[in-house]
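Asker: Attaching a single structure in structure tokens format; questions to follow.
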Amino acid sequence: MPGTETTKIPAKIAVVGTGAIGSVYAVMFAEAGHEVWAIDTWAEHVDAINNDGLTLTGYTGDRTVAVHASTDVSEAGSCDMYVIATKAAGAAAAARSIAPFLGSDASVVTIQNGLGAAERITEHIHPEALILGVAQGFGASMVEPGHAHQSDMQMLRLGELGGGVTDRLLDVADAWSAAGFPVQTFEDIEQLIWEKFICNVALGGPCLASGLTVGELLASDSWRPVAIGCATEAYDVARALGVNISFDDPVAYVDAFVARMPDAKPSMLQDHENGRRSEIDAINGQVPVHGRTVGVPTPHNDAICKTVRELEEDL
């Protein structure tokens, strides 16, 4: 049982993809006394961490902690837990880099937006090593190299790729909980992934295309129908696929989500404002892909994908 003396809590943790949210993970695990490695391709960020520590400000307080940082996971080597916190496009490369060092007792936790992370990761590591995470209401942004700002942290939901609640899952959840994260385990993590995905779809592409915060988006007479249309299409696709969605009103679900953080900017909009390509293919782009397999039309997501891809042509 979690919380007992027999619970194994990982002592060496590599966060692969230490951007804004990854920095939250790294700081809180380091504060909990673990040996933490921040792995990221952004060399300036890595240098700042090694020289001055990793700073996190905002929701859980302002502090700077010492962690190891590298652009190469081989410097971390074998770890008890690897956290893949890259963008969707980087998940496969992260898994490939971890694979040579992954011991039989190690766990890989992937926490990403959109769909398809598990499929990309299990091309390189054994499915039994993988735990899927859904970060609900986690908000963060980069201030500068070595400094992330946290805006919210509601719930981390964890589940085994194959379903069920195992001792290993409880041990991993206990490690996150002991580091200060609000955590729940779920037998059917696919449900949670899709429920978050519906919000991602409603807000990600439409906020990027409009330049609006999530609250402004849903308050806009012209953009609200687009956002709600995207969410409803994703919901209809999930139902057609047989996903066990826990609500029957996607509009109310998205409205309630946005009401908790109306000033938030989705990561897709943040990426666009920083001159980076967004995760359009893993988020809004997945709705038409799955929609075609179940015969559900997806005109709103089709249109948003076209708009975003045109905006990103020169990136």
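Chain labels follow the order of the structure tokens: the first chain is A, the next B, and so on; residue numbering restarts at 1 in every chain, and ligands are counted from 1 in their shown order.
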Find the residues near segment 212-221 of chain A: any atom within 6 Å, counting only C-alpha atoms, skip ones fewer than 3 places away on the same chain, and give them as a list in words.
Answerer: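 Those residues are Cys207, Arg224, Pro262, Asp263, Ala264 and Lys265 of chain A.
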Asker: Could you give me, as an MDAnalysis selection string, each residue of segment 17-123 of chain A that DSSP assigns to alpha helix (DSSP H) when run on this structure's backbone?
Answerer: chainID A and resid 20:31 43:52 91:98 117:121
Asker: Output N, CA and C atoms for every residue in the selection just made, as a tab-separated table (two decimals), in the first residue's frame.
Answerer:
chain	number	residue	atom	x	y	z
A	20	ALA	N	9.04	24.32	-19.32
A	20	ALA	CA	8.31	24.94	-18.22
A	20	ALA	C	7.73	23.91	-17.25
A	21	ILE	N	6.91	22.99	-17.76
A	21	ILE	CA	6.31	21.99	-16.89
A	21	ILE	C	7.36	21.01	-16.37
A	22	GLY	N	8.29	20.61	-17.23
A	22	GLY	CA	9.35	19.72	-16.79
A	22	GLY	C	10.18	20.33	-15.67
A	23	SER	N	10.34	21.65	-15.69
A	23	SER	CA	11.07	22.32	-14.61
A	23	SER	C	10.32	22.23	-13.30
A	24	VAL	N	8.99	22.29	-13.34
A	24	VAL	CA	8.18	22.10	-12.13
A	24	VAL	C	8.46	20.72	-11.54
A	25	TYR	N	8.44	19.69	-12.40
A	25	TYR	CA	8.71	18.34	-11.91
A	25	TYR	C	10.10	18.26	-11.28
A	26	ALA	N	11.10	18.80	-11.99
A	26	ALA	CA	12.48	18.68	-11.52
A	26	ALA	C	12.68	19.38	-10.18
A	27	VAL	N	12.15	20.58	-10.04
A	27	VAL	CA	12.33	21.33	-8.80
A	27	VAL	C	11.67	20.61	-7.63
A	28	MET	N	10.44	20.15	-7.81
A	28	MET	CA	9.72	19.55	-6.68
A	28	MET	C	10.32	18.21	-6.28
A	29	PHE	N	10.80	17.43	-7.24
A	29	PHE	CA	11.48	16.18	-6.89
A	29	PHE	C	12.80	16.45	-6.18
A	30	ALA	N	13.54	17.47	-6.64
A	30	ALA	CA	14.80	17.81	-5.98
A	30	ALA	C	14.56	18.27	-4.55
A	31	GLU	N	13.51	19.07	-4.36
A	31	GLU	CA	13.18	19.54	-3.01
A	31	GLU	C	12.82	18.38	-2.09
A	43	ALA	N	20.58	24.19	-24.84
A	43	ALA	CA	21.89	24.25	-24.19
A	43	ALA	C	22.00	25.43	-23.23
A	44	GLU	N	21.43	26.57	-23.59
A	44	GLU	CA	21.52	27.74	-22.72
A	44	GLU	C	20.78	27.50	-21.39
A	45	HIS	N	19.68	26.81	-21.47
A	45	HIS	CA	18.90	26.46	-20.28
A	45	HIS	C	19.71	25.50	-19.40
A	46	VAL	N	20.31	24.50	-20.00
A	46	VAL	CA	21.12	23.54	-19.27
A	46	VAL	C	22.30	24.23	-18.59
A	47	ASP	N	22.98	25.13	-19.31
A	47	ASP	CA	24.11	25.85	-18.73
A	47	ASP	C	23.67	26.70	-17.54
A	48	ALA	N	22.52	27.37	-17.67
A	48	ALA	CA	22.02	28.21	-16.58
A	48	ALA	C	21.72	27.37	-15.34
A	49	ILE	N	21.14	26.19	-15.54
A	49	ILE	CA	20.82	25.31	-14.41
A	49	ILE	C	22.10	24.86	-13.71
A	50	ASN	N	23.08	24.45	-14.49
A	50	ASN	CA	24.34	23.98	-13.90
A	50	ASN	C	25.10	25.09	-13.20
A	51	ASN	N	24.99	26.31	-13.72
A	51	ASN	CA	25.75	27.43	-13.14
A	51	ASN	C	25.05	28.05	-11.93
A	52	ASP	N	23.72	28.19	-12.03
A	52	ASP	CA	23.00	28.97	-11.01
A	52	ASP	C	21.85	28.25	-10.35
A	91	ALA	N	8.76	12.90	-28.15
A	91	ALA	CA	8.57	11.74	-27.27
A	91	ALA	C	9.33	10.52	-27.75
A	92	ALA	N	9.30	10.25	-29.05
A	92	ALA	CA	9.98	9.07	-29.57
A	92	ALA	C	11.48	9.18	-29.37
A	93	ALA	N	12.05	10.35	-29.65
A	93	ALA	CA	13.49	10.54	-29.46
A	93	ALA	C	13.87	10.41	-28.00
A	94	ALA	N	13.02	10.92	-27.11
A	94	ALA	CA	13.29	10.78	-25.67
A	94	ALA	C	13.31	9.31	-25.26
A	95	ALA	N	12.33	8.55	-25.73
A	95	ALA	CA	12.27	7.13	-25.40
A	95	ALA	C	13.49	6.39	-25.96
A	96	ARG	N	13.86	6.74	-27.17
A	96	ARG	CA	15.03	6.10	-27.79
A	96	ARG	C	16.30	6.37	-26.99
A	97	SER	N	16.43	7.59	-26.47
A	97	SER	CA	17.62	7.95	-25.70
A	97	SER	C	17.66	7.26	-24.35
A	98	ILE	N	16.49	6.98	-23.78
A	98	ILE	CA	16.38	6.33	-22.47
A	98	ILE	C	16.65	4.84	-22.57
A	117	ALA	N	1.16	9.46	-27.63
A	117	ALA	CA	2.45	9.40	-26.93
A	117	ALA	C	2.86	7.96	-26.66
A	118	ALA	N	1.92	7.15	-26.18
A	118	ALA	CA	2.26	5.77	-25.83
A	118	ALA	C	2.75	5.00	-27.04
A	119	GLU	N	2.09	5.19	-28.18
A	119	GLU	CA	2.49	4.47	-29.39
A	119	GLU	C	3.90	4.87	-29.82
A	120	ARG	N	4.21	6.16	-29.72
A	120	ARG	CA	5.55	6.62	-30.13
A	120	ARG	C	6.62	6.10	-29.17
A	121	ILE	N	6.31	6.09	-27.89
A	121	ILE	CA	7.31	5.70	-26.89
A	121	ILE	C	7.55	4.20	-26.89
Asker: Might you pull out every residue within 12 Å of Val254 of chain A, with only C-alpha atoms counted and same-chain residues fewer than 3 positions away left off, and present them as a PDB file with N, CA and C atoms, in the first residue's frame?
Answerer:
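Ended up saving to selection-v6.pdb:
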ATOM      1  N   GLU A 195     -10.398  12.819 -21.903  1.00  0.00           N
ATOM      2  CA  GLU A 195     -11.122  13.938 -21.296  1.00  0.00           C
ATOM      3  C   GLU A 195     -10.272  15.208 -21.300  1.00  0.00           C
ATOM      4  N   LYS A 196      -8.981  15.063 -21.015  1.00  0.00           N
ATOM      5  CA  LYS A 196      -8.114  16.234 -21.124  1.00  0.00           C
ATOM      6  C   LYS A 196      -7.964  16.652 -22.584  1.00  0.00           C
ATOM      7  N   PHE A 197      -7.882  15.663 -23.463  1.00  0.00           N
ATOM      8  CA  PHE A 197      -7.722  15.933 -24.893  1.00  0.00           C
ATOM      9  C   PHE A 197      -8.868  16.800 -25.412  1.00  0.00           C
ATOM     10  N   ILE A 198     -10.069  16.571 -24.952  1.00  0.00           N
ATOM     11  CA  ILE A 198     -11.213  17.366 -25.397  1.00  0.00           C
ATOM     12  C   ILE A 198     -11.007  18.836 -25.062  1.00  0.00           C
ATOM     13  N   CYS A 199     -10.465  19.125 -23.869  1.00  0.00           N
ATOM     14  CA  CYS A 199     -10.153  20.516 -23.516  1.00  0.00           C
ATOM     15  C   CYS A 199      -8.990  21.051 -24.343  1.00  0.00           C
ATOM     16  N   ASN A 200      -7.959  20.226 -24.538  1.00  0.00           N
ATOM     17  CA  ASN A 200      -6.824  20.645 -25.365  1.00  0.00           C
ATOM     18  C   ASN A 200      -7.276  21.050 -26.762  1.00  0.00           C
ATOM     19  N   VAL A 201      -8.181  20.253 -27.319  1.00  0.00           N
ATOM     20  CA  VAL A 201      -8.679  20.505 -28.670  1.00  0.00           C
ATOM     21  C   VAL A 201      -9.504  21.794 -28.712  1.00  0.00           C
ATOM     22  N   ALA A 202     -10.320  22.002 -27.690  1.00  0.00           N
ATOM     23  CA  ALA A 202     -11.163  23.204 -27.650  1.00  0.00           C
ATOM     24  C   ALA A 202     -10.330  24.469 -27.587  1.00  0.00           C
ATOM     25  N   LEU A 203      -9.193  24.415 -26.882  1.00  0.00           N
ATOM     26  CA  LEU A 203      -8.458  25.631 -26.550  1.00  0.00           C
ATOM     27  C   LEU A 203      -7.139  25.784 -27.314  1.00  0.00           C
ATOM     28  N   VAL A 214      -7.685  31.685 -22.871  1.00  0.00           N
ATOM     29  CA  VAL A 214      -8.806  30.751 -22.900  1.00  0.00           C
ATOM     30  C   VAL A 214     -10.112  31.440 -22.505  1.00  0.00           C
ATOM     31  N   GLY A 215     -10.051  32.357 -21.546  1.00  0.00           N
ATOM     32  CA  GLY A 215     -11.257  33.070 -21.145  1.00  0.00           C
ATOM     33  C   GLY A 215     -11.773  33.986 -22.237  1.00  0.00           C
ATOM     34  N   LEU A 217     -11.258  33.593 -25.377  1.00  0.00           N
ATOM     35  CA  LEU A 217     -11.728  32.748 -26.475  1.00  0.00           C
ATOM     36  C   LEU A 217     -13.191  32.375 -26.285  1.00  0.00           C
ATOM     37  N   LEU A 218     -13.538  31.886 -25.097  1.00  0.00           N
ATOM     38  CA  LEU A 218     -14.909  31.431 -24.865  1.00  0.00           C
ATOM     39  C   LEU A 218     -15.886  32.582 -24.680  1.00  0.00           C
ATOM     40  N   ARG A 224     -15.994  31.536 -29.851  1.00  0.00           N
ATOM     41  CA  ARG A 224     -16.597  30.497 -29.004  1.00  0.00           C
ATOM     42  C   ARG A 224     -17.193  29.347 -29.826  1.00  0.00           C
ATOM     43  N   ALA A 227     -14.344  27.018 -30.881  1.00  0.00           N
ATOM     44  CA  ALA A 227     -13.802  26.218 -29.784  1.00  0.00           C
ATOM     45  C   ALA A 227     -14.762  25.099 -29.386  1.00  0.00           C
ATOM     46  N   ILE A 228     -16.033  25.440 -29.235  1.00  0.00           N
ATOM     47  CA  ILE A 228     -17.028  24.441 -28.836  1.00  0.00           C
ATOM     48  C   ILE A 228     -17.202  23.401 -29.935  1.00  0.00           C
ATOM     49  N   GLY A 229     -17.147  23.831 -31.183  1.00  0.00           N
ATOM     50  CA  GLY A 229     -17.229  22.882 -32.298  1.00  0.00           C
ATOM     51  C   GLY A 229     -16.084  21.891 -32.282  1.00  0.00           C
ATOM     52  N   CYS A 230     -14.868  22.368 -32.024  1.00  0.00           N
ATOM     53  CA  CYS A 230     -13.706  21.477 -31.940  1.00  0.00           C
ATOM     54  C   CYS A 230     -13.871  20.473 -30.812  1.00  0.00           C
ATOM     55  N   ALA A 231     -14.322  20.944 -29.643  1.00  0.00           N
ATOM     56  CA  ALA A 231     -14.494  20.060 -28.489  1.00  0.00           C
ATOM     57  C   ALA A 231     -15.575  19.013 -28.748  1.00  0.00           C
ATOM     58  N   THR A 232     -16.683  19.440 -29.325  1.00  0.00           N
ATOM     59  CA  THR A 232     -17.794  18.525 -29.565  1.00  0.00           C
ATOM     60  C   THR A 232     -17.406  17.438 -30.560  1.00  0.00           C
ATOM     61  N   ALA A 234     -14.367  16.236 -30.992  1.00  0.00           N
ATOM     62  CA  ALA A 234     -13.494  15.304 -30.266  1.00  0.00           C
ATOM     63  C   ALA A 234     -14.310  14.390 -29.365  1.00  0.00           C
ATOM     64  N   TYR A 235     -15.307  14.944 -28.703  1.00  0.00           N
ATOM     65  CA  TYR A 235     -16.193  14.162 -27.841  1.00  0.00           C
ATOM     66  C   TYR A 235     -16.938  13.093 -28.646  1.00  0.00           C
ATOM     67  N   PHE A 247     -18.531  12.281 -18.713  1.00  0.00           N
ATOM     68  CA  PHE A 247     -19.522  13.353 -18.778  1.00  0.00           C
ATOM     69  C   PHE A 247     -20.242  13.277 -20.120  1.00  0.00           C
ATOM     70  N   ASP A 248     -21.419  13.874 -20.168  1.00  0.00           N
ATOM     71  CA  ASP A 248     -22.192  13.824 -21.407  1.00  0.00           C
ATOM     72  C   ASP A 248     -22.455  15.210 -21.988  1.00  0.00           C
ATOM     73  N   ASP A 249     -21.798  16.233 -21.453  1.00  0.00           N
ATOM     74  CA  ASP A 249     -21.954  17.592 -21.967  1.00  0.00           C
ATOM     75  C   ASP A 249     -20.579  18.227 -22.130  1.00  0.00           C
ATOM     76  N   PRO A 250     -19.963  18.096 -23.314  1.00  0.00           N
ATOM     77  CA  PRO A 250     -18.618  18.646 -23.503  1.00  0.00           C
ATOM     78  C   PRO A 250     -18.560  20.156 -23.371  1.00  0.00           C
ATOM     79  N   VAL A 251     -19.646  20.842 -23.667  1.00  0.00           N
ATOM     80  CA  VAL A 251     -19.663  22.305 -23.564  1.00  0.00           C
ATOM     81  C   VAL A 251     -19.532  22.722 -22.106  1.00  0.00           C
ATOM     82  N   PHE A 257     -13.802  24.023 -17.012  1.00  0.00           N
ATOM     83  CA  PHE A 257     -12.338  23.989 -17.023  1.00  0.00           C
ATOM     84  C   PHE A 257     -11.770  25.398 -17.171  1.00  0.00           C
ATOM     85  N   VAL A 258     -12.303  26.160 -18.096  1.00  0.00           N
ATOM     86  CA  VAL A 258     -11.801  27.508 -18.365  1.00  0.00           C
ATOM     87  C   VAL A 258     -12.110  28.451 -17.207  1.00  0.00           C
ATOM     88  N   ALA A 259     -13.225  28.246 -16.534  1.00  0.00           N
ATOM     89  CA  ALA A 259     -13.600  29.116 -15.414  1.00  0.00           C
ATOM     90  C   ALA A 259     -12.562  29.099 -14.305  1.00  0.00           C
ATOM     91  N   ARG A 260     -11.796  28.003 -14.193  1.00  0.00           N
ATOM     92  CA  ARG A 260     -10.788  27.901 -13.135  1.00  0.00           C
ATOM     93  C   ARG A 260      -9.520  28.677 -13.461  1.00  0.00           C
ATOM     94  N   MET A 261      -9.255  28.943 -14.746  1.00  0.00           N
ATOM     95  CA  MET A 261      -8.024  29.625 -15.135  1.00  0.00           C
ATOM     96  C   MET A 261      -8.244  30.429 -16.423  1.00  0.00           C
ATOM     97  N   PRO A 262      -9.113  31.452 -16.366  1.00  0.00           N
ATOM     98  CA  PRO A 262      -9.507  32.178 -17.582  1.00  0.00           C
ATOM     99  C   PRO A 262      -8.376  32.951 -18.254  1.00  0.00           C
TER     100      PRO A 262
END
Asker: Would you kindly return, as a ChimeraX atom specification, each protein, DNA or RNA residue with an atom no farther than 8 Å from any atom of Thr55 of chain A, considering only C-alpha atoms and excluding same-chain residues fewer than 4 positions away?
Answerer: /A:27,62-65,146-148
Asker: Between A:Gln191, A:Ser104, A:Gln150, A:Asn284, single out the one closest to Ile245 of chain A, counting only C-alpha atoms.
Answerer: A:Gln191
Asker: DSSP on the backbone: which residues in segment 70-118 of chain A end up as strand (DSSP E)? Give the answer as a ChimeraX atom specification.
Answerer: /A:70,81-84,107-111
Asker: Out of A:Glu144, A:Glu190, A:Asp281, A:Asp40, which residue has the shortest atom-to-atom distance to Ala238 of chain A when counting only C-alpha atoms?
Answerer: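 The closest residue to Ala238 of chain A is A:Glu190.
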Asker: Using Å and a single decimal, report how far atom CA of Gly205 of chain A sits from atom CA of Val308 of chain A.
Answerer: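 That distance, rounded to one decimal, is 6.9 Å.
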